[in-house]
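Structure below is entry-v1.cif: mmCIF, C-alpha atoms.
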```
data_upload
#
loop_
_atom_site.label_atom_id
_atom_site.label_comp_id
_atom_site.auth_asym_id
_atom_site.auth_seq_id
_atom_site.Cartn_x
_atom_site.Cartn_y
_atom_site.Cartn_z
CA MET A 1074 -24.58 108.35 134.53
CA SER A 1075 -26.96 110.58 136.44
CA ASP A 1076 -27.47 114.12 135.06
CA SER A 1077 -27.87 115.71 138.46
CA ILE A 1078 -24.84 117.10 140.25
CA LEU A 1079 -24.62 117.77 143.94
CA GLU A 1080 -22.67 120.90 144.86
CA ILE A 1081 -20.65 121.17 148.05
CA ASP A 1082 -19.32 124.49 149.25
CA ALA A 1083 -16.24 123.85 151.37
CA ARG A 1084 -14.73 127.32 151.05
CA ASP A 1085 -12.92 128.65 154.14
CA LEU A 1086 -12.82 125.18 155.66
CA LEU A 1087 -9.46 123.76 156.68
CA CYS A 1088 -8.29 120.19 156.33
CA PRO A 1089 -9.82 117.71 156.81
CA MET A 1090 -13.26 119.30 156.66
CA PRO A 1091 -13.54 119.56 152.83
CA ILE A 1092 -12.86 115.82 152.61
CA PHE A 1093 -15.36 115.12 155.42
CA LYS A 1094 -17.99 117.12 153.57
CA ILE A 1095 -17.58 115.26 150.29
CA ASP A 1096 -17.21 111.92 152.10
CA GLN A 1097 -20.58 112.42 153.76
CA ALA A 1098 -22.30 113.95 150.75
CA ILE A 1099 -21.34 111.21 148.31
CA MET A 1100 -23.04 108.58 150.47
CA GLY A 1101 -26.39 109.85 149.25
CA VAL A 1102 -25.36 109.92 145.59
CA PRO A 1103 -26.18 107.02 143.23
CA LEU A 1104 -23.42 105.06 141.54
CA GLN A 1105 -21.80 107.17 138.79
CA GLY A 1106 -23.56 110.24 140.11
CA ARG A 1107 -21.41 113.35 140.26
CA VAL A 1108 -20.47 115.75 143.02
CA LYS A 1109 -18.96 119.22 142.58
CA LEU A 1110 -16.70 120.43 145.38
CA VAL A 1111 -15.56 124.03 145.79
CA ALA A 1112 -12.75 124.57 148.30
CA THR A 1113 -10.08 127.05 149.33
CA ASP A 1114 -7.80 124.70 151.28
CA PRO A 1115 -4.78 124.08 149.03
CA GLY A 1116 -4.46 120.60 150.51
CA ILE A 1117 -7.38 119.55 148.35
CA GLU A 1118 -4.93 119.23 145.44
CA ARG A 1119 -3.34 116.19 147.04
CA ASP A 1120 -6.06 114.96 149.37
CA LEU A 1121 -8.91 114.68 146.90
CA PRO A 1122 -7.06 112.39 144.46
CA ALA A 1123 -5.98 110.21 147.42
CA TRP A 1124 -9.51 110.06 148.81
CA CYS A 1125 -10.89 109.15 145.37
CA ALA A 1126 -8.29 106.41 144.94
CA ILE A 1127 -9.03 104.87 148.34
CA ASN A 1128 -12.76 104.85 147.79
CA GLY A 1129 -12.90 103.90 144.13
CA HIS A 1130 -14.31 107.23 142.97
CA VAL A 1131 -13.24 108.93 139.75
CA LEU A 1132 -11.77 112.41 139.82
CA ILE A 1133 -13.17 113.87 136.63
CA ASP A 1134 -11.71 117.34 137.02
CA LEU A 1135 -9.76 119.44 139.52
CA ALA A 1136 -9.05 123.02 138.54
CA ARG A 1137 -7.68 126.02 140.39
CA LYS A 1138 -8.70 129.61 139.77
CA GLY A 1139 -6.89 132.00 142.08
CA ARG A 1140 -7.26 130.53 145.53
CA ILE A 1141 -10.39 128.53 144.75
CA TRP A 1142 -10.31 124.88 143.69
CA THR A 1143 -13.25 123.29 141.90
CA ALA A 1144 -13.47 119.53 141.52
CA ILE A 1145 -15.88 117.11 139.91
CA VAL A 1146 -15.98 113.60 141.34
CA GLU A 1147 -17.93 110.64 139.98
CA LYS A 1148 -19.06 108.08 142.51
CA GLY A 1149 -17.45 104.69 141.99
CA SER A 1150 -18.11 101.28 143.45
CA MET B 509 11.73 85.14 162.85
CA VAL B 510 10.60 82.45 160.40
CA ASP B 511 10.62 82.50 156.63
CA ASP B 512 7.53 83.15 154.55
CA SER B 513 7.13 79.63 153.16
CA GLU B 514 6.89 78.22 156.66
CA ILE B 515 4.21 80.71 157.60
CA MET B 516 2.11 79.95 154.56
CA THR B 517 1.96 76.26 155.36
CA THR B 518 1.44 76.38 159.11
CA THR B 519 -0.74 79.37 159.91
CA PRO B 520 -4.51 78.95 159.62
CA PHE B 521 -5.59 82.34 158.31
CA VAL B 522 -9.12 81.28 157.38
CA PRO B 523 -10.55 79.94 160.61
CA ALA B 524 -14.07 81.30 160.53
CA GLY B 525 -16.68 81.42 157.81
CA ASN B 526 -14.12 80.67 155.08
CA ARG B 527 -13.05 84.27 154.76
CA PRO B 528 -9.84 86.15 155.48
CA ILE B 529 -9.28 87.51 158.94
CA ARG B 530 -10.09 91.22 158.98
CA ALA B 531 -8.48 93.79 161.25
CA LEU B 532 -9.29 97.45 161.80
CA GLY B 533 -6.33 99.71 162.60
CA LEU B 534 -6.05 103.17 164.07
CA LEU B 535 -4.12 105.04 161.39
CA SER B 536 -2.61 108.47 162.00
CA GLY B 537 -0.51 108.27 158.85
CA GLY B 538 2.70 108.42 160.87
CA LEU B 539 5.43 105.83 160.54
CA ASP B 540 4.35 103.57 163.41
CA SER B 541 0.74 103.08 162.39
CA THR B 542 1.83 102.63 158.78
CA LEU B 543 4.26 99.88 159.76
CA ALA B 544 1.64 98.19 161.93
CA VAL B 545 -0.61 97.92 158.89
CA ARG B 546 2.18 96.50 156.75
CA LEU B 547 3.12 93.89 159.34
CA LEU B 548 -0.41 92.52 159.30
CA GLN B 549 -0.78 92.77 155.54
CA GLU B 550 2.37 90.65 155.28
CA GLN B 551 0.46 87.90 157.07
CA GLY B 552 -2.41 88.00 154.61
CA ILE B 553 -4.76 89.80 156.96
CA GLU B 554 -7.33 92.06 155.35
CA VAL B 555 -6.80 95.48 156.87
CA GLY B 556 -9.09 98.49 157.09
CA CYS B 557 -8.28 101.65 158.98
CA VAL B 558 -9.92 104.46 160.87
CA ASN B 559 -8.72 108.00 161.44
CA PHE B 560 -10.39 110.25 164.00
CA HIS B 561 -10.69 114.01 163.69
CA THR B 562 -10.68 115.67 167.10
CA GLY B 563 -10.35 119.29 166.02
CA PHE B 564 -6.89 119.44 167.60
CA CYS B 565 -5.01 117.47 164.96
CA ILE B 566 -1.86 119.16 163.74
CA GLN B 567 -1.71 118.65 160.04
CA SER B 568 0.57 120.43 157.67
CA HIS B 569 -2.55 122.20 156.40
CA THR B 570 -2.83 124.21 159.55
CA GLY B 571 0.82 125.15 159.29
CA ALA B 572 0.27 126.15 155.70
CA MET B 573 -2.38 128.61 156.83
CA ARG B 574 0.54 130.78 157.90
CA ASN B 575 3.45 131.75 155.67
CA PRO B 576 2.99 129.18 152.90
CA ARG B 577 6.34 128.76 151.18
CA GLU B 578 6.44 129.80 147.57
CA GLY B 579 6.73 126.73 145.35
CA ALA B 580 6.26 124.26 148.21
CA PRO B 581 4.03 121.26 147.46
CA PRO B 582 0.48 121.62 148.75
CA PRO B 583 -0.05 120.26 152.27
CA ARG B 584 -1.65 116.87 152.71
CA HIS B 585 -3.61 114.73 155.14
CA ASP B 586 -1.16 112.08 156.30
CA ALA B 587 -3.65 109.31 157.01
CA LEU B 588 -5.28 109.63 153.59
CA HIS B 589 -1.96 109.34 151.86
CA ALA B 590 -0.78 106.47 154.01
CA ALA B 591 -4.03 104.62 153.27
CA GLN B 592 -3.55 105.19 149.56
CA THR B 593 0.03 103.93 149.70
CA LEU B 594 -0.98 100.90 151.75
CA GLY B 595 -4.02 100.17 149.61
CA VAL B 596 -6.45 100.08 152.53
CA LYS B 597 -9.93 101.40 153.12
CA LEU B 598 -9.89 104.42 155.46
CA HIS B 599 -12.87 105.43 157.56
CA LEU B 600 -12.62 109.15 158.36
CA ILE B 601 -14.59 109.84 161.52
CA ASP B 602 -15.33 113.27 162.98
CA ILE B 603 -15.43 112.90 166.77
CA ALA B 604 -14.87 116.59 167.55
CA SER B 605 -18.20 117.12 169.33
CA ASP B 606 -18.00 114.01 171.49
CA TYR B 607 -14.37 114.79 172.20
CA VAL B 608 -15.12 117.98 174.14
CA ARG B 609 -15.72 116.13 177.42
CA ILE B 610 -12.42 114.28 177.00
CA VAL B 611 -10.58 117.59 176.85
CA THR B 612 -12.55 119.42 179.50
CA HIS B 613 -12.91 116.65 182.09
CA PRO B 614 -10.30 113.92 181.56
CA LYS B 615 -10.65 111.14 184.13
CA HIS B 616 -6.91 110.44 184.02
CA GLY B 617 -5.82 114.06 183.93
CA TYR B 618 -3.53 115.96 181.61
CA GLY B 619 0.04 115.45 180.46
CA LYS B 620 2.56 118.25 180.36
CA ASN B 621 0.09 120.70 178.81
CA LEU B 622 -3.62 120.16 178.16
CA ASN B 623 -3.12 116.78 176.51
CA PRO B 624 -5.47 114.14 177.94
CA CYS B 625 -3.53 111.36 176.19
CA LEU B 626 -4.78 108.42 178.22
CA ASP B 627 -8.45 109.40 178.09
CA CYS B 628 -8.03 110.20 174.39
CA LYS B 629 -6.59 106.79 173.63
CA ILE B 630 -9.29 104.99 175.63
CA PHE B 631 -11.95 106.99 173.79
CA MET B 632 -10.53 106.25 170.34
CA VAL B 633 -9.90 102.57 171.02
CA ALA B 634 -13.46 102.14 172.30
CA LYS B 635 -14.81 103.88 169.20
CA ALA B 636 -12.65 101.75 166.91
CA TRP B 637 -13.76 98.54 168.65
CA ALA B 638 -17.42 99.50 168.29
CA MET B 639 -16.84 100.20 164.60
CA ALA B 640 -14.96 96.93 164.15
CA LYS B 641 -17.88 94.95 165.51
CA GLU B 642 -20.35 96.86 163.39
CA LEU B 643 -18.32 96.52 160.19
CA GLY B 644 -17.33 92.89 160.61
CA TYR B 645 -13.68 93.20 161.59
CA ASP B 646 -12.27 90.46 163.83
CA PHE B 647 -9.93 92.56 165.97
CA ILE B 648 -8.35 95.99 166.17
CA PHE B 649 -4.74 97.13 166.21
CA SER B 650 -2.64 100.23 166.69
CA GLY B 651 0.91 101.40 166.02
CA GLU B 652 1.66 102.04 169.69
CA VAL B 653 5.13 101.23 170.97
CA LEU B 654 5.92 100.52 174.61
CA GLY B 655 7.74 103.44 176.23
CA GLN B 656 7.40 105.79 173.31
CA ARG B 657 4.98 108.30 174.85
CA PRO B 658 5.22 109.26 178.50
CA MET B 659 1.50 109.25 179.28
CA SER B 660 -0.28 106.66 177.18
CA GLN B 661 2.33 104.22 175.86
CA ARG B 662 3.59 102.62 179.05
CA ARG B 663 3.54 99.09 180.43
CA ASP B 664 1.16 100.16 183.19
CA THR B 665 -1.16 102.20 180.94
CA PHE B 666 -1.68 99.70 178.11
CA PRO B 667 -3.82 97.46 180.34
CA VAL B 668 -5.77 100.50 181.53
CA ILE B 669 -6.55 101.44 177.93
CA ASP B 670 -7.56 97.87 177.07
CA ARG B 671 -9.74 97.47 180.16
CA GLU B 672 -11.48 100.84 180.10
CA ALA B 673 -12.09 100.69 176.34
CA GLY B 674 -13.65 97.24 176.84
CA VAL B 675 -11.26 95.62 174.40
CA ALA B 676 -8.98 93.52 176.62
CA GLY B 677 -7.33 90.85 174.49
CA TRP B 678 -8.61 92.23 171.21
CA LEU B 679 -6.27 95.17 170.68
CA LEU B 680 -3.04 94.04 169.04
CA ARG B 681 0.03 96.28 168.98
CA PRO B 682 2.11 94.65 166.22
CA LEU B 683 5.21 96.84 166.69
CA THR B 684 5.61 96.04 170.37
CA ALA B 685 3.71 92.73 170.61
CA LEU B 686 6.68 90.61 171.64
CA ARG B 687 6.95 92.62 174.85
CA MET B 688 3.27 92.21 175.68
CA PRO B 689 1.04 89.29 176.71
CA GLU B 690 -0.47 87.34 173.83
CA THR B 691 -3.71 88.75 172.47
CA GLU B 692 -6.71 86.72 171.33
CA PRO B 693 -5.85 86.98 167.60
CA GLU B 694 -2.43 85.51 168.39
CA LYS B 695 -3.80 82.79 170.67
CA ARG B 696 -6.29 81.74 168.00
CA GLY B 697 -3.60 81.53 165.34
CA TRP B 698 -5.06 84.36 163.25
CA VAL B 699 -1.85 86.31 163.68
CA ASP B 700 1.61 84.74 163.74
CA ARG B 701 3.28 86.24 166.78
CA THR B 702 6.74 85.32 165.53
CA ARG B 703 6.30 87.75 162.66
CA LEU B 704 5.49 90.68 164.94
CA GLU B 705 8.00 93.02 166.55
CA GLY B 706 9.21 93.88 170.04
CA PHE B 707 10.11 97.54 169.66
CA SER B 708 10.27 99.75 172.72
CA GLY B 709 11.40 103.21 173.74
CA ARG B 710 11.54 106.56 172.04
CA GLY B 711 14.20 105.72 169.47
CA ARG B 712 13.02 105.28 165.90
CA LYS B 713 15.89 103.39 164.35
CA PRO B 714 14.16 99.97 164.33
CA GLN B 715 11.08 101.53 162.77
CA MET B 716 13.17 103.22 160.12
CA ALA B 717 14.94 99.95 159.35
CA LEU B 718 11.61 98.17 159.01
CA ALA B 719 10.31 100.96 156.78
CA LYS B 720 13.32 100.49 154.56
CA LYS B 721 12.66 96.75 154.39
CA PHE B 722 9.08 97.44 153.30
CA ALA B 723 10.26 100.16 150.86
CA ILE B 724 8.22 102.76 152.72
CA ASN B 725 10.02 106.02 152.06
CA ASP B 726 7.37 108.70 152.17
CA TYR B 727 6.27 109.26 155.75
CA PRO B 728 5.98 112.33 158.00
CA SER B 729 8.83 113.30 160.29
CA PRO B 730 8.76 110.86 163.21
CA ALA B 731 9.58 113.70 165.60
CA GLY B 732 6.44 115.62 164.71
CA GLY B 733 3.69 115.93 167.31
CA CYS B 734 0.16 115.22 166.26
CA CYS B 735 -2.01 117.22 168.65
CA PHE B 736 -2.27 120.91 169.47
CA LEU B 737 -3.09 120.05 173.08
CA THR B 738 0.53 119.01 173.61
CA ASP B 739 1.68 122.45 172.45
CA GLU B 740 2.54 124.82 175.28
CA ASN B 741 1.46 127.99 173.47
CA TYR B 742 -1.81 126.51 172.33
CA ALA B 743 -2.57 125.12 175.79
CA ARG B 744 -1.95 128.54 177.33
CA LYS B 745 -4.49 130.12 174.99
CA LEU B 746 -7.07 127.45 175.76
CA ARG B 747 -6.53 127.92 179.52
CA ASP B 748 -6.99 131.66 179.03
CA LEU B 749 -10.26 131.04 177.19
CA TRP B 750 -11.57 128.87 180.02
CA ALA B 751 -10.39 131.24 182.72
CA PHE B 752 -12.11 134.29 181.30
CA ARG B 753 -15.31 132.47 180.42
CA GLN B 754 -15.26 130.88 183.85
CA GLN B 755 -16.15 127.50 182.39
CA ARG B 756 -14.31 124.65 180.71
CA GLU B 757 -16.10 124.60 177.40
CA TYR B 758 -15.21 125.38 173.82
CA SER B 759 -16.78 125.52 170.39
CA MET B 760 -15.21 124.41 167.12
CA GLU B 761 -14.77 128.10 166.24
CA ASP B 762 -12.89 128.69 169.49
CA ILE B 763 -10.35 125.95 168.91
CA LEU B 764 -9.79 126.95 165.29
CA LEU B 765 -9.20 130.56 166.26
CA LEU B 766 -6.66 129.53 168.87
CA LYS B 767 -4.52 128.23 166.01
CA ALA B 768 -4.16 131.61 164.30
CA GLY B 769 -2.97 135.13 165.06
CA ARG B 770 -1.54 137.01 168.01
CA HIS B 771 -3.86 136.69 170.99
CA ILE B 772 -3.88 139.79 173.17
CA ARG B 773 -6.06 140.28 176.24
CA PRO B 774 -5.91 143.90 177.44
CA ALA B 775 -8.73 143.33 179.94
CA PRO B 776 -10.53 140.32 181.39
CA HIS B 777 -13.69 141.04 179.42
CA PHE B 778 -12.30 141.16 175.89
CA LYS B 779 -9.57 139.70 173.70
CA LEU B 780 -8.02 140.59 170.35
CA ILE B 781 -6.84 138.18 167.67
CA VAL B 782 -4.48 139.99 165.31
CA GLY B 783 -3.62 138.39 161.96
CA ARG B 784 0.12 138.00 161.36
CA ASP B 785 0.07 137.83 157.57
CA GLN B 786 -2.26 137.84 154.63
CA THR B 787 -3.21 134.19 154.87
CA GLU B 788 -4.12 134.57 158.55
CA ASN B 789 -6.06 137.74 157.78
CA ARG B 790 -8.08 135.79 155.21
CA PHE B 791 -8.61 132.94 157.65
CA LEU B 792 -9.74 135.29 160.45
CA SER B 793 -12.06 137.03 158.03
CA GLY B 794 -14.18 133.89 158.01
CA PHE B 795 -14.97 134.40 161.72
CA ARG B 796 -16.50 137.90 161.57
CA LYS B 797 -19.93 136.86 162.77
CA GLY B 798 -20.51 137.90 166.38
CA ARG B 799 -17.19 139.69 166.64
CA VAL B 800 -15.88 143.22 166.09
CA VAL B 801 -13.69 143.41 162.98
CA ILE B 802 -10.96 146.06 163.00
CA GLN B 803 -8.92 146.98 159.92
CA THR B 804 -6.75 149.86 158.76
CA ARG B 805 -8.45 152.03 156.14
CA ASN B 806 -5.72 153.50 153.96
CA ILE B 807 -2.58 151.54 154.70
CA ALA B 808 -1.62 147.89 154.95
CA GLY B 809 -2.36 146.28 158.29
CA PRO B 810 -3.74 143.21 160.00
CA LEU B 811 -7.31 142.07 160.29
CA THR B 812 -8.12 142.06 163.98
CA LEU B 813 -11.02 140.32 165.68
CA MET B 814 -12.27 141.60 169.01
CA GLU B 815 -14.35 139.19 171.07
CA GLY B 816 -15.95 139.19 174.48
CA GLU B 817 -17.74 142.22 175.94
CA VAL B 818 -17.27 144.81 173.19
CA SER B 819 -19.88 147.50 173.91
CA SER B 820 -17.51 150.10 175.39
CA ARG B 821 -16.23 152.71 172.92
CA GLU B 822 -13.18 153.16 175.10
CA ASP B 823 -12.33 149.46 174.74
CA ARG B 824 -12.83 149.59 170.98
CA LEU B 825 -10.51 152.60 170.85
CA LEU B 826 -7.82 150.71 172.74
CA ALA B 827 -8.35 147.73 170.42
CA CYS B 828 -7.81 150.01 167.41
CA ARG B 829 -4.62 151.45 168.92
CA ILE B 830 -3.27 147.93 169.44
CA ALA B 831 -4.25 146.82 165.92
CA ALA B 832 -2.66 149.98 164.45
CA ARG B 833 0.57 149.10 166.20
CA TYR B 834 0.89 146.04 163.92
CA SER B 835 0.18 148.05 160.73
CA LYS B 836 2.45 149.88 158.33
CA GLY B 837 1.40 153.04 160.16
CA LYS B 838 2.83 152.05 163.53
CA GLU B 839 5.23 155.02 163.49
CA SER B 840 2.53 157.50 162.43
CA SER B 841 0.80 159.91 164.76
CA LYS B 842 -2.63 159.05 163.39
CA VAL B 843 -4.03 155.93 161.67
CA ALA B 844 -7.57 155.61 160.37
CA MET B 845 -9.24 152.37 161.42
CA SER B 846 -12.59 150.89 160.44
CA VAL B 847 -14.53 149.09 163.12
CA GLU B 848 -17.35 146.81 161.94
CA TYR B 849 -19.86 145.32 164.29
CA GLU B 850 -23.34 144.00 163.66
CA GLY B 851 -23.48 145.58 160.20
CA VAL B 852 -22.39 149.04 161.35
CA THR B 853 -19.01 150.51 160.40
CA GLU B 854 -17.45 153.16 162.57
CA VAL B 855 -14.23 155.03 161.72
CA MET B 856 -11.71 155.81 164.43
CA GLU B 857 -8.51 157.77 164.03
CA VAL B 858 -5.99 156.57 166.56
CA PHE B 859 -2.42 156.98 167.74
CA PRO B 860 -0.83 153.49 167.50
CA LEU B 861 -0.03 152.06 170.90
CA PRO B 862 3.73 152.37 171.59
CA ALA B 863 5.57 149.18 172.53
CA HIS B 864 6.11 150.29 176.12
CA GLU B 865 2.36 150.66 176.63
CA LEU B 866 1.69 147.06 175.59
CA PRO B 867 2.62 144.95 178.61
CA ASP B 868 3.93 141.43 178.06
CA GLN B 869 1.19 139.99 180.21
CA TRP B 870 -1.45 141.10 177.70
CA HIS B 871 -0.02 138.58 175.23
CA VAL B 872 -1.80 135.30 175.82
#
```
Could you write out this file's structure as structure tokens?
Amino acid sequence: MSDSILEIDARDLLCPMPIFKIDQAIMGVPLQGRVKLVATDPGIERDLPAWCAINGHVLIDLARKGRIWTAIVEKGS
Amino acid sequence: MVDDSEIMTTTPFVPAGNRPIRALGLLSGGLDSTLAVRLLQEQGIEVGCVNFHTGFCIQSHTGAMRNPREGAPPPRHDALHAAQTLGVKLHLIDIASDYVRIVTHPKHGYGKNLNPCLDCKIFMVAKAWAMAKELGYDFIFSGEVLGQRPMSQRRDTFPVIDREAGVAGWLLRPLTALRMPETEPEKRGWVDRTRLEGFSGRGRKPQMALAKKFAINDYPSPAGGCCFLTDENYARKLRDLWAFRQQREYSMEDILLLKAGRHIRPAPHFKLIVGRDQTENRFLSGFRKGRVVIQTRNIAGPLTLMEGEVSSREDRLLACRIAARYSKGKESSKVAMSVEYEGVTEVMEVFPLPAHELPDQWHV
């Protein structure tokens, strides 16, 4: 696993832009590299797990604090 | 209809390069496109899907921006969830920038509002076909049903879409195929036509019956529209934007802002967007740059954006009076308002505009 973590700020973006941002960003990440996504769209709670499942990525963590969601995703195959 | 065992023994599904036939579908996540995928999967075809983001897509997320119901499940992106349920790869493609010319100058004109459905479909089908060729798919398909939509899903418009998108013969519509000429995938035996459907019209009962057969239970309301451009109120606001800018153009910020707030135009040279609740106020707050931001100082009230020509103090005063009208102080004789613009905050004490001084025609 790579130690580096790419951070994506998707705050104030509405669906589907947070997913677009992580979809594009993860292309440049090596296998098993990690991406951190910060978002305010509540849809991320359901969309991010679905996006991970479709693309074979691993959702390591998804936590909400107030109206901000922070997720860690590990790039899969 | 034929039974599955017959299909397995008679249909050559591996005609080229000893690999499964691959098809790329346009997936909105609605019932029709979901069923189209399942019909092809049933035939052993390897399906991938594409979903295009135009900027005008109505998703439950946008609805949730206003008045989110307490305890309601979070909103979701329908295509993503359909893809997960179907077990298919989904290519999410942002076409919003390229899409501007489709909205502003549609060759085939608009539908009832500002919906350029035929041009939109041609554009998306052409994009999907280009992607299919690039990614190694053998043909493309959609969930269109003959007679379901008045502008783009008609017997006379299907050939127009196929021809102008450069995909004649290579776009299969599995739900309505039996009412259409054979496509190349059918002629070549890649797809068994007898296992496709012949649905037509606006009714959804056959689709619902097929969904039940496939045990597909979780799909969005079939009656739901999918595009803001078909919405009368939204189209009116977009027309207003074009009229007062004297050009048919828009930015991504423009079309997002048209989705939120009360839009009030007291004069041709400026417009107000008044938040209707806390979630809209928060949303509008993200669009401060380049606009005047008006808020009440000591009492609860909306966040109001003023855009256009905003240099006149008299106009800003009127804007404050209108904004104050939607605050908790609307019955007061004096409400303190803060007016922020280009890093400078000015305080104005105003008498909220009475209802009779706010003409209906100011509401966009």
So which residues get picked by the PyMOL selection byres ((chain A) within 12 of (chain B)) here, written as a tab-separated table (two decimals) with C-alpha atoms, keeping the file's coordinate frame?
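This went into expr_22.tsv:
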```tsv
chain	number	residue	atom	x	y	z
A	1084	ARG	CA	-14.73	127.32	151.05
A	1085	ASP	CA	-12.92	128.65	154.14
A	1086	LEU	CA	-12.82	125.18	155.66
A	1087	LEU	CA	-9.46	123.76	156.68
A	1088	CYS	CA	-8.29	120.19	156.33
A	1089	PRO	CA	-9.82	117.71	156.81
A	1090	MET	CA	-13.26	119.30	156.66
A	1091	PRO	CA	-13.54	119.56	152.83
A	1092	ILE	CA	-12.86	115.82	152.61
A	1093	PHE	CA	-15.36	115.12	155.42
A	1094	LYS	CA	-17.99	117.12	153.57
A	1095	ILE	CA	-17.58	115.26	150.29
A	1096	ASP	CA	-17.21	111.92	152.10
A	1097	GLN	CA	-20.58	112.42	153.76
A	1113	THR	CA	-10.08	127.05	149.33
A	1114	ASP	CA	-7.80	124.70	151.28
A	1115	PRO	CA	-4.78	124.08	149.03
A	1116	GLY	CA	-4.46	120.60	150.51
A	1117	ILE	CA	-7.38	119.55	148.35
A	1118	GLU	CA	-4.93	119.23	145.44
A	1119	ARG	CA	-3.34	116.19	147.04
A	1120	ASP	CA	-6.06	114.96	149.37
A	1121	LEU	CA	-8.91	114.68	146.90
A	1122	PRO	CA	-7.06	112.39	144.46
A	1123	ALA	CA	-5.98	110.21	147.42
A	1124	TRP	CA	-9.51	110.06	148.81
A	1125	CYS	CA	-10.89	109.15	145.37
A	1126	ALA	CA	-8.29	106.41	144.94
A	1127	ILE	CA	-9.03	104.87	148.34
A	1128	ASN	CA	-12.76	104.85	147.79
A	1129	GLY	CA	-12.90	103.90	144.13
A	1140	ARG	CA	-7.26	130.53	145.53
```
(request) Rank B:Met688, B:Val872, B:Val675, B:Val818 by their smallest atom-to-atom distance to B:Tyr742, using only C-alpha atoms, and report the top residue only. (result)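 Among the listed residues, B:Val872 lies closest to B:Tyr742.
Straight-line separation from atom CA of A:Ala1136 to atom CA of A:Lys1148: 18.4 Å.
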(message) Can you spell out as a VMD selection string the set of residues that the PyMOL selection byres ((chain B and resi 654-656) around 9) selects in the structure I just provided?
(response) chain B and resid 652 to 653 657 to 658 660 to 663 666 683 to 684 687 to 688 706 to 711
(request) Report as a PyMOL selection string the residues that result from applying the PyMOL selection byres ((chain B and resi 562) around 10) to the structure here. (result) chain B and resi 559-561+563-565+601-608+611+628+632+735+760
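Take atom CA of B:Leu826 and atom CA of B:Thr853: the distance between them is 16.7 Å.
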(message) Here's a test: counting all atoms listed in the file, identify every protein, DNA and RNA residue with an atom at most 6 Å from (1.3, 87.9, 158.9) in the file's coordinate frame, and state them as number ranges by chain.
(response) B: 548, 550-552, 699-700
(message) Set the distance at 8 Å and use all atoms listed in the file: which residues neighbour stretch 1106-1111 of chain A once local chain neighbours fewer than 5 positions away are removed? I'd like the list as a PyMOL selection string.
(response) chain A and resi 1074-1084+1095+1099+1141-1148
(message) Please compute the atom CA of B:Ile772-atom CA of B:Arg753 distance, one decimal, in Å.
(response) 15.4 Å
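Among the candidate residues B:Ala580, B:Trp750, B:Ser846, B:Val668, the one lying nearest to B:Lys615 is B:Val668, with distances computed using only C-alpha atoms.
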(message) Using all atoms listed in the file, which protein or nucleic acid residues come within 6 Å of B:Leu861? Drop anything in the same chain fewer than 6 positions from it, and give the result as a PyMOL selection string.
(response) chain B and resi 829-830+833
(message) What's around B:Leu543 at 9 Å? Count only C-alpha atoms, leave out sequence neighbours fewer than 3 positions away in its own chain, and write the answer as a ChimeraX atom specification.
(response) /B:538-540,546-548,651,682-683,715,718-719,722,724
